[in-house]
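Content type compact mmCIF, C-alpha atoms, from the file protein-v6.txt:
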```txt
# COMPACT_ATOMS: atom_id res chain seq x y z
CA SER K 8 47.28 -40.45 107.12
CA ALA K 9 47.83 -43.49 104.91
CA CYS K 10 50.29 -45.12 102.52
CA TYR K 11 50.24 -48.10 100.19
CA ASP K 12 52.55 -51.08 100.74
CA SER K 13 53.13 -52.23 97.15
CA THR K 14 54.91 -55.42 98.22
CA ASN K 15 52.13 -56.72 100.45
CA LYS K 16 49.44 -54.92 98.42
CA LYS K 17 47.90 -53.39 101.48
CA THR K 18 47.15 -49.89 102.72
CA VAL K 19 48.34 -48.82 106.17
CA VAL K 20 46.20 -46.18 107.89
CA VAL K 21 47.64 -44.28 110.88
CA TYR K 22 45.38 -42.02 112.93
CA GLU K 23 44.58 -40.52 116.31
CA SER K 24 41.92 -42.55 118.08
CA ALA K 25 39.05 -40.26 119.07
CA LEU K 26 38.20 -42.55 121.98
CA SER K 27 41.63 -42.90 123.55
CA ALA K 28 43.68 -39.97 122.12
CA GLN K 29 46.33 -42.53 121.16
CA LEU K 30 48.18 -43.10 117.89
CA ARG K 31 46.85 -46.23 116.24
CA SER K 32 46.97 -48.06 112.93
CA THR K 33 45.06 -50.56 110.89
CA VAL K 34 45.89 -52.49 107.72
CA VAL K 35 43.36 -52.37 104.89
CA THR K 36 43.02 -54.95 102.12
CA ILE K 37 40.88 -54.51 99.01
CA SER K 38 39.61 -57.48 97.03
CA GLY K 39 37.31 -56.52 94.19
CA THR K 40 34.75 -54.27 95.83
CA THR K 41 35.31 -55.72 99.32
CA VAL K 42 37.34 -53.84 101.93
CA THR K 43 38.64 -55.53 105.08
CA ALA K 44 40.64 -54.04 107.94
CA THR K 45 42.67 -55.61 110.72
CA SER K 46 42.15 -54.83 114.39
CA GLU K 47 43.66 -51.59 115.67
CA VAL K 48 47.29 -51.62 116.78
CA THR K 49 48.54 -48.94 119.19
CA ILE K 50 51.75 -47.18 118.13
CA ASP K 51 51.98 -44.54 120.88
CA THR K 52 49.82 -44.11 123.99
CA ASN K 53 50.43 -40.35 124.02
CA ASN K 54 48.18 -37.87 122.24
CA PRO K 55 49.67 -37.25 118.74
CA SER K 56 49.27 -34.43 116.27
CA GLN K 57 50.47 -33.77 112.70
CA ILE K 58 50.61 -37.41 111.58
CA GLY K 59 52.43 -38.57 108.46
CA VAL K 60 53.13 -42.04 107.07
CA VAL K 61 55.34 -43.19 104.18
CA TYR K 62 56.30 -46.52 102.61
CA ALA K 63 60.01 -47.38 102.52
CA SER K 64 59.97 -49.56 99.41
CA ASN K 65 63.60 -50.65 99.59
CA TYR K 66 63.08 -52.02 103.12
CA ASN K 67 59.45 -53.13 102.77
CA LYS K 68 58.71 -51.05 105.88
CA VAL K 69 56.17 -48.41 106.80
CA ILE K 70 57.35 -45.30 108.67
CA ALA K 71 54.93 -43.32 110.81
CA VAL K 72 55.98 -39.83 111.93
CA TRP K 73 54.07 -37.62 114.33
CA TYR K 74 54.45 -34.71 116.70
CA TYR K 75 54.07 -34.88 120.45
CA SER K 76 55.11 -32.40 123.15
CA SER K 77 57.74 -30.45 121.13
CA THR K 78 59.20 -33.68 119.77
CA TYR K 79 59.02 -35.50 116.48
CA ARG K 80 58.44 -39.18 117.00
CA ALA K 81 58.80 -41.98 114.51
CA SER K 82 58.09 -45.70 114.44
CA ILE K 83 58.85 -48.37 111.87
CA GLY K 84 56.13 -50.85 110.97
CA THR K 85 56.41 -54.33 109.48
CA ILE K 86 53.50 -56.30 108.01
CA ASP K 87 53.72 -60.04 108.66
CA SER K 88 52.44 -62.90 106.49
CA SER K 89 49.00 -62.73 108.10
CA GLY K 90 48.65 -59.03 107.26
CA VAL K 91 49.10 -57.73 110.81
CA ILE K 92 51.47 -54.83 111.40
CA SER K 93 53.89 -54.47 114.31
CA TRP K 94 55.71 -51.26 115.28
CA THR K 95 59.02 -50.41 116.90
CA SER K 96 59.06 -48.32 120.07
CA PRO K 97 58.75 -44.58 119.31
CA ILE K 98 62.01 -42.85 118.38
CA ASN K 99 62.32 -39.23 119.58
CA SER K 100 63.89 -36.18 117.96
CA SER K 101 63.77 -32.72 119.53
CA VAL K 102 62.59 -30.05 117.09
CA GLY K 103 60.99 -26.61 117.07
CA THR K 104 57.37 -25.78 117.82
CA ILE K 105 55.23 -26.90 114.91
CA SER K 106 52.32 -24.70 113.88
CA ALA K 107 49.62 -26.02 111.54
CA GLY K 108 51.27 -27.69 108.56
CA PHE K 109 53.35 -30.86 108.40
CA SER K 110 54.34 -32.85 105.31
CA THR K 111 56.34 -36.04 104.69
CA THR K 112 57.92 -38.01 101.84
CA TYR K 113 60.44 -40.84 101.49
CA ASP K 114 63.73 -40.78 99.54
CA ALA K 115 64.70 -44.37 98.77
CA SER K 116 68.09 -43.32 97.36
CA GLN K 117 69.11 -42.12 100.84
CA ASN K 118 66.91 -44.43 102.97
CA ALA K 119 65.41 -41.33 104.56
CA VAL K 120 62.08 -39.80 105.50
CA VAL K 121 61.87 -36.02 104.90
CA ILE K 122 59.62 -33.79 107.01
CA THR K 123 58.74 -30.14 106.42
CA TYR K 124 56.77 -27.85 108.72
CA GLN K 125 56.29 -24.25 109.72
CA ASP K 126 58.21 -23.52 112.92
CA ALA K 127 56.07 -21.40 115.24
CA GLY K 128 59.07 -20.97 117.54
CA ASN K 129 60.99 -19.31 114.71
CA SER K 130 58.56 -16.85 113.05
CA ASN K 131 56.83 -19.68 111.15
CA TYR K 132 59.88 -20.16 108.94
CA GLY K 133 59.69 -23.11 106.58
CA THR K 134 61.78 -25.81 108.24
CA SER K 135 62.82 -29.36 107.42
CA VAL K 136 64.36 -32.36 109.14
CA VAL K 137 65.50 -35.76 107.83
CA GLY K 138 65.35 -39.14 109.50
CA GLU K 139 67.72 -41.77 108.08
CA LEU K 140 67.08 -45.51 108.45
CA ASN K 141 69.94 -47.73 109.54
CA SER K 142 71.17 -50.54 107.29
CA ALA K 143 68.77 -53.03 108.86
CA GLY K 144 65.79 -50.71 108.52
CA SER K 145 65.11 -51.10 112.24
CA SER K 146 65.90 -47.61 113.58
CA ILE K 147 65.93 -43.95 112.49
CA SER K 148 68.53 -41.26 113.15
CA PHE K 149 67.29 -37.67 112.87
CA GLY K 150 69.54 -34.86 111.71
CA SER K 151 69.43 -31.17 112.58
CA GLU K 152 66.69 -28.80 111.48
CA VAL K 153 67.29 -26.98 108.19
CA VAL K 154 65.36 -23.82 107.29
CA PHE K 155 64.30 -23.93 103.64
CA TYR K 156 62.55 -20.54 103.61
CA SER K 157 63.40 -17.71 106.01
CA ASN K 158 59.89 -16.25 105.98
CA TYR K 159 56.39 -17.41 106.89
CA ALA K 160 55.90 -20.61 104.86
CA ARG K 161 52.41 -22.07 105.14
CA VAL K 162 52.91 -25.83 105.02
CA TYR K 163 50.11 -28.28 104.18
CA ALA K 164 49.86 -32.06 104.44
CA TYR K 165 50.72 -32.85 100.81
CA ASN K 166 53.42 -30.27 100.04
CA LEU K 167 56.14 -32.88 99.43
CA THR K 168 56.90 -35.57 96.90
CA THR K 169 60.04 -37.40 95.75
CA ASP K 170 61.26 -37.19 92.16
CA THR K 171 62.64 -40.72 91.91
CA GLU K 172 64.19 -40.11 88.48
CA ASN K 173 66.45 -37.33 89.81
CA ASN K 174 66.49 -38.37 93.49
CA LYS K 175 65.24 -34.95 94.55
CA ILE K 176 62.61 -33.70 96.98
CA ILE K 177 59.93 -31.40 95.51
CA ASN K 178 58.50 -28.93 98.03
CA CYS K 179 55.52 -26.72 97.08
CA TYR K 180 54.07 -24.36 99.68
CA ARG K 181 52.29 -21.04 100.18
CA ASP K 182 54.40 -17.96 100.90
CA ASN K 183 52.36 -16.17 103.56
CA THR K 184 54.90 -13.33 103.76
CA ASN K 185 54.53 -12.54 100.06
CA SER K 186 50.78 -12.28 99.31
CA GLY K 187 50.17 -16.03 99.56
CA TYR K 188 52.01 -16.80 96.30
CA GLY K 189 53.00 -20.37 95.49
CA LYS K 190 56.66 -21.30 95.91
CA CYS K 191 58.55 -24.42 94.88
CA GLN K 192 61.98 -25.63 96.00
CA VAL K 193 64.09 -28.68 95.23
CA GLY K 194 65.87 -30.50 98.04
CA THR K 195 68.85 -32.87 97.98
CA VAL K 196 69.13 -35.41 100.79
CA THR K 197 72.48 -36.71 102.03
CA GLY K 198 72.25 -39.11 104.93
CA ASN K 199 70.14 -37.36 107.57
CA SER K 200 70.68 -33.84 106.22
CA ILE K 201 69.12 -31.87 103.38
CA SER K 202 70.06 -28.82 101.31
CA TRP K 203 67.60 -26.70 99.34
CA GLY K 204 67.79 -24.80 96.08
CA SER K 205 66.33 -21.34 95.57
CA ALA K 206 62.56 -20.81 95.69
CA VAL K 207 60.73 -20.43 92.36
CA GLN K 208 57.30 -18.83 92.25
CA PHE K 209 54.41 -20.58 90.49
CA ASN K 210 50.91 -19.49 89.42
CA GLY K 211 52.13 -15.98 88.63
CA THR K 212 50.91 -13.29 91.02
CA VAL K 213 47.78 -15.13 92.11
CA ALA K 214 47.62 -16.46 95.67
CA VAL K 215 47.37 -20.23 96.13
CA GLY K 216 45.70 -22.41 98.74
CA ASN K 217 46.55 -25.91 99.87
CA PRO K 218 49.10 -26.89 97.20
CA ALA K 219 49.45 -30.66 96.84
CA VAL K 220 52.24 -32.23 94.78
CA VAL K 221 52.70 -35.75 93.42
CA TYR K 222 55.36 -37.40 91.22
CA ASN K 223 54.41 -39.46 88.16
CA ALA K 224 57.09 -42.10 87.57
CA ASN K 225 55.45 -43.62 84.48
CA ALA K 226 57.61 -43.98 81.38
CA GLY K 227 57.37 -40.96 79.14
CA VAL K 228 56.15 -38.73 82.00
CA LYS K 229 58.60 -38.66 84.91
CA LYS K 230 57.59 -35.28 86.27
CA SER K 231 55.75 -33.83 89.24
CA MET K 232 52.36 -32.14 89.24
CA VAL K 233 51.16 -29.53 91.72
CA VAL K 234 47.43 -28.95 92.24
CA PHE K 235 46.14 -25.95 94.17
CA GLU K 236 43.34 -23.49 94.66
CA GLN K 237 43.71 -20.17 92.87
CA GLN K 238 42.48 -17.60 95.34
CA THR K 239 41.05 -15.05 92.94
CA GLY K 240 37.89 -14.46 90.93
CA SER K 241 35.92 -17.70 90.59
CA TYR K 242 38.39 -19.73 92.65
CA TYR K 243 39.61 -22.32 90.13
CA PHE K 244 41.45 -25.51 90.83
CA GLY K 245 44.79 -25.02 89.09
CA VAL K 246 47.43 -27.51 88.00
CA ALA K 247 51.00 -27.13 86.76
CA ASP K 248 53.78 -29.57 85.80
CA ILE K 249 57.22 -29.47 87.43
CA THR K 250 60.46 -30.70 85.89
CA VAL K 251 63.84 -30.58 87.62
CA SER K 252 67.34 -29.73 86.47
CA GLY K 253 69.84 -29.89 89.32
CA THR K 254 68.17 -27.97 92.13
CA THR K 255 66.10 -25.74 89.85
CA PRO K 256 62.42 -26.49 89.20
CA THR K 257 60.80 -25.44 85.93
CA ILE K 258 57.07 -24.96 86.35
CA THR K 259 54.56 -24.69 83.52
CA SER K 260 51.83 -22.08 83.32
CA THR K 261 48.71 -22.92 85.30
CA THR K 262 45.89 -24.88 83.68
CA ASN K 263 42.42 -24.33 85.19
CA LEU K 264 40.58 -27.55 85.99
CA THR K 265 37.23 -26.47 87.39
CA THR K 266 35.58 -23.56 89.17
CA ILE K 267 35.30 -23.84 92.94
CA GLY K 268 33.20 -20.72 93.22
CA SER K 269 33.93 -20.05 96.87
CA SER K 270 36.61 -18.40 98.96
CA SER K 271 36.35 -21.28 101.45
CA TYR K 272 38.42 -23.89 99.68
CA PRO K 273 37.77 -27.63 100.06
CA ALA K 274 41.21 -28.81 101.17
CA ASP K 275 40.39 -32.51 101.08
CA ALA K 276 39.23 -32.25 97.46
CA ILE K 277 42.59 -30.80 96.43
CA GLN K 278 44.50 -33.48 98.28
CA ILE K 279 42.51 -36.32 96.71
CA LEU K 280 42.90 -34.82 93.25
CA ALA K 281 46.67 -34.63 93.56
CA ILE K 282 47.13 -38.05 95.08
```
Encoded form using structure tokens:
Amino acid sequence: SACYDSTNKKTVVVYESALSAQLRSTVVTISGTTVTATSEVTIDTNNPSQIGVVYASNYNKVIAVWYYSSTYRASIGTIDSSGVISWTSPINSSVGTISAGFSTTYDASQNAVVITYQDAGNSNYGTSVVGELNSAGSSISFGSEVVFYSNYARVYAYNLTTDTENNKIINCYRDNTNSGYGKCQVGTVTGNSISWGSAVQFNGTVAVGNPAVVYNANAGVKKSMVVFEQQTGSYYFGVADITVSGTTPTITSTTNLTTIGSSSYPADAIQILAI
């Protein structure tokens, strides 16, 4: 997983080392067509899974979140003047049993990282948790789990984004209980807690795969876009725009981008397209 530090103009990559089964990071700098990377830095010596990383722009910090042994862990990274990143000791938060999906985003208005996942210990219900940074940006306090969908919600890596115009969390996922239809909900963060509006279906009555959502903050746009695979017929990539009023998302009709032509969808292609 990776994020861009717009202050230092560097990309932070966080990953599981295949050689050591540890959580590690590197800082990448691009100059023209040249890419350089710092030496690896170990964040956690335990074997991680479901890794996410976000940039806390108002603190100039990077937050890594991962899952280990029925516990969410988080660490806060700081890039120094030489481009090397250092991390705080892992911060633990007991949560449910994560199955498959895991998604993260950052809400600068509340100094909080938002995590969604499907809770295998609770019928794969769509579940969320919020970690709030302290005033110094040196520690995170996790709140209680909040179920956003009391059915089987299939969560993917890029299901979340933050609407910075409205200070809302946009959550797009696949409803595995209801024929794999796409669902969208809007979340409101307060401190280390979150509340969710009602689910709105998108892409009609056609199943979706691997929905990925991103917010466009450019002037004259200021809306989110969800990209997904339409699991019918020729398997098109689909895209729809999302605008928010309160906690209600309004989603446009789907526009087809290109034919995939296979029932085995290329998840990475959808993620890159949305990001």
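Using all atoms listed in the file, the shortest contact distance between K:Phe209 and any of K:Tyr222, K:Val246, K:Thr197, K:Asn174 is found at K:Val246.
For the pair atom CA of K:Ser130 and atom CA of K:Ser56, the interatomic distance is 20.1 Å.
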* To do: Within 10 Å of stretch 84-86 of chain K, counting all atoms listed in the file, which residues show up once you throw out same-chain ones fewer than 6 positions away? Write them as a ChimeraX atom specification, please.
  => /K:12,14-15,17,19,32,34,50,62-63,66-71,92-96,144-145
* To do: Go through K:Glu172, K:Thr49, K:Glu23, K:Ala206 one by one, measure the shortest atom-to-atom distance of each to K:Lys229 using all atoms listed in the file, and give the residue with the smallest value.
  => K:Glu172
* Measure the distance from atom CA of K:Gly108 to atom CA of K:Arg161 in Å and round it to one decimal. =>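 Between atom CA of K:Gly108 and atom CA of K:Arg161 the gap is 6.7 Å.
Note that atom CA of K:Asn217 and atom CA of K:Ser260 are 17.8 Å apart.
Taking all atoms listed in the file into account, K:Gly187 lies nearest to K:Glu236 out of the set K:Glu236, K:Ala219, K:Tyr75, K:Ser200.
Residue neighbourhood of K:Val233, excluding near-sequence residues (fewer than 4 positions): Asn166, Cys179, Pro218, Ala219, Val220, Val221, Tyr222, Gly245, Val246, Ala247, Asp248, Ile249 and Ala281 of chain K, at 9 Å, using only C-alpha atoms.
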Sort by chain and increasing residue number a table of all residues of stretch 23-141 of chain K within 7 Å of stretch 151-158 of chain K, each with its closest pair of atoms and their distance in Å to one decimal, counting only C-alpha atoms, and write it as CSV.
```
residue,atom,partner,partner_atom,distance
K:Asn131,CA,K:Asn158,CA,6.9
K:Tyr132,CA,K:Asn158,CA,4.9
K:Gly133,CA,K:Tyr156,CA,4.9
K:Thr134,CA,K:Val154,CA,4.2
K:Ser135,CA,K:Val153,CA,5.1
K:Val136,CA,K:Glu152,CA,4.9
```
* Could you name the residues that touch K:Asn118 at 8 Å or less, counting only C-alpha atoms, but leaving out those on the same chain fewer than 4 positions away, as a list in words? ->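 Contacts, with the query itself left out: Ala63, Asn65, Tyr113, Asp114, Glu139, Leu140, Asn141 and Gly198 of chain K.
In terms of minimum interatomic distance to K:Asn173, K:Val251 ranks closest within K:Ala115, K:Val251, K:Ala25, K:Ala214, counting only C-alpha atoms.
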Take every atom of stretch 134-148 of chain K listed in the file, pad by 8 Å on each side, and give me the axis-aligned box centre and edge lengths in Å, one decimal, as JSON.
```
{"center_x": 66.5, "center_y": -39.4, "center_z": 110.4, "size_x": 25.4, "size_y": 43.2, "size_z": 22.3}
```
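With only the atoms specified (all atoms listed in the file) counting, those residues at most 9 Å away from (61.2, -41.1, 118.3) are Val72, Trp73, Thr78, Tyr79, Arg80, Ala81, Ser82, Ser96, Pro97, Ile98, Asn99, Ser100, Ser101, Ile147, Ser148 and Phe149 of chain K.
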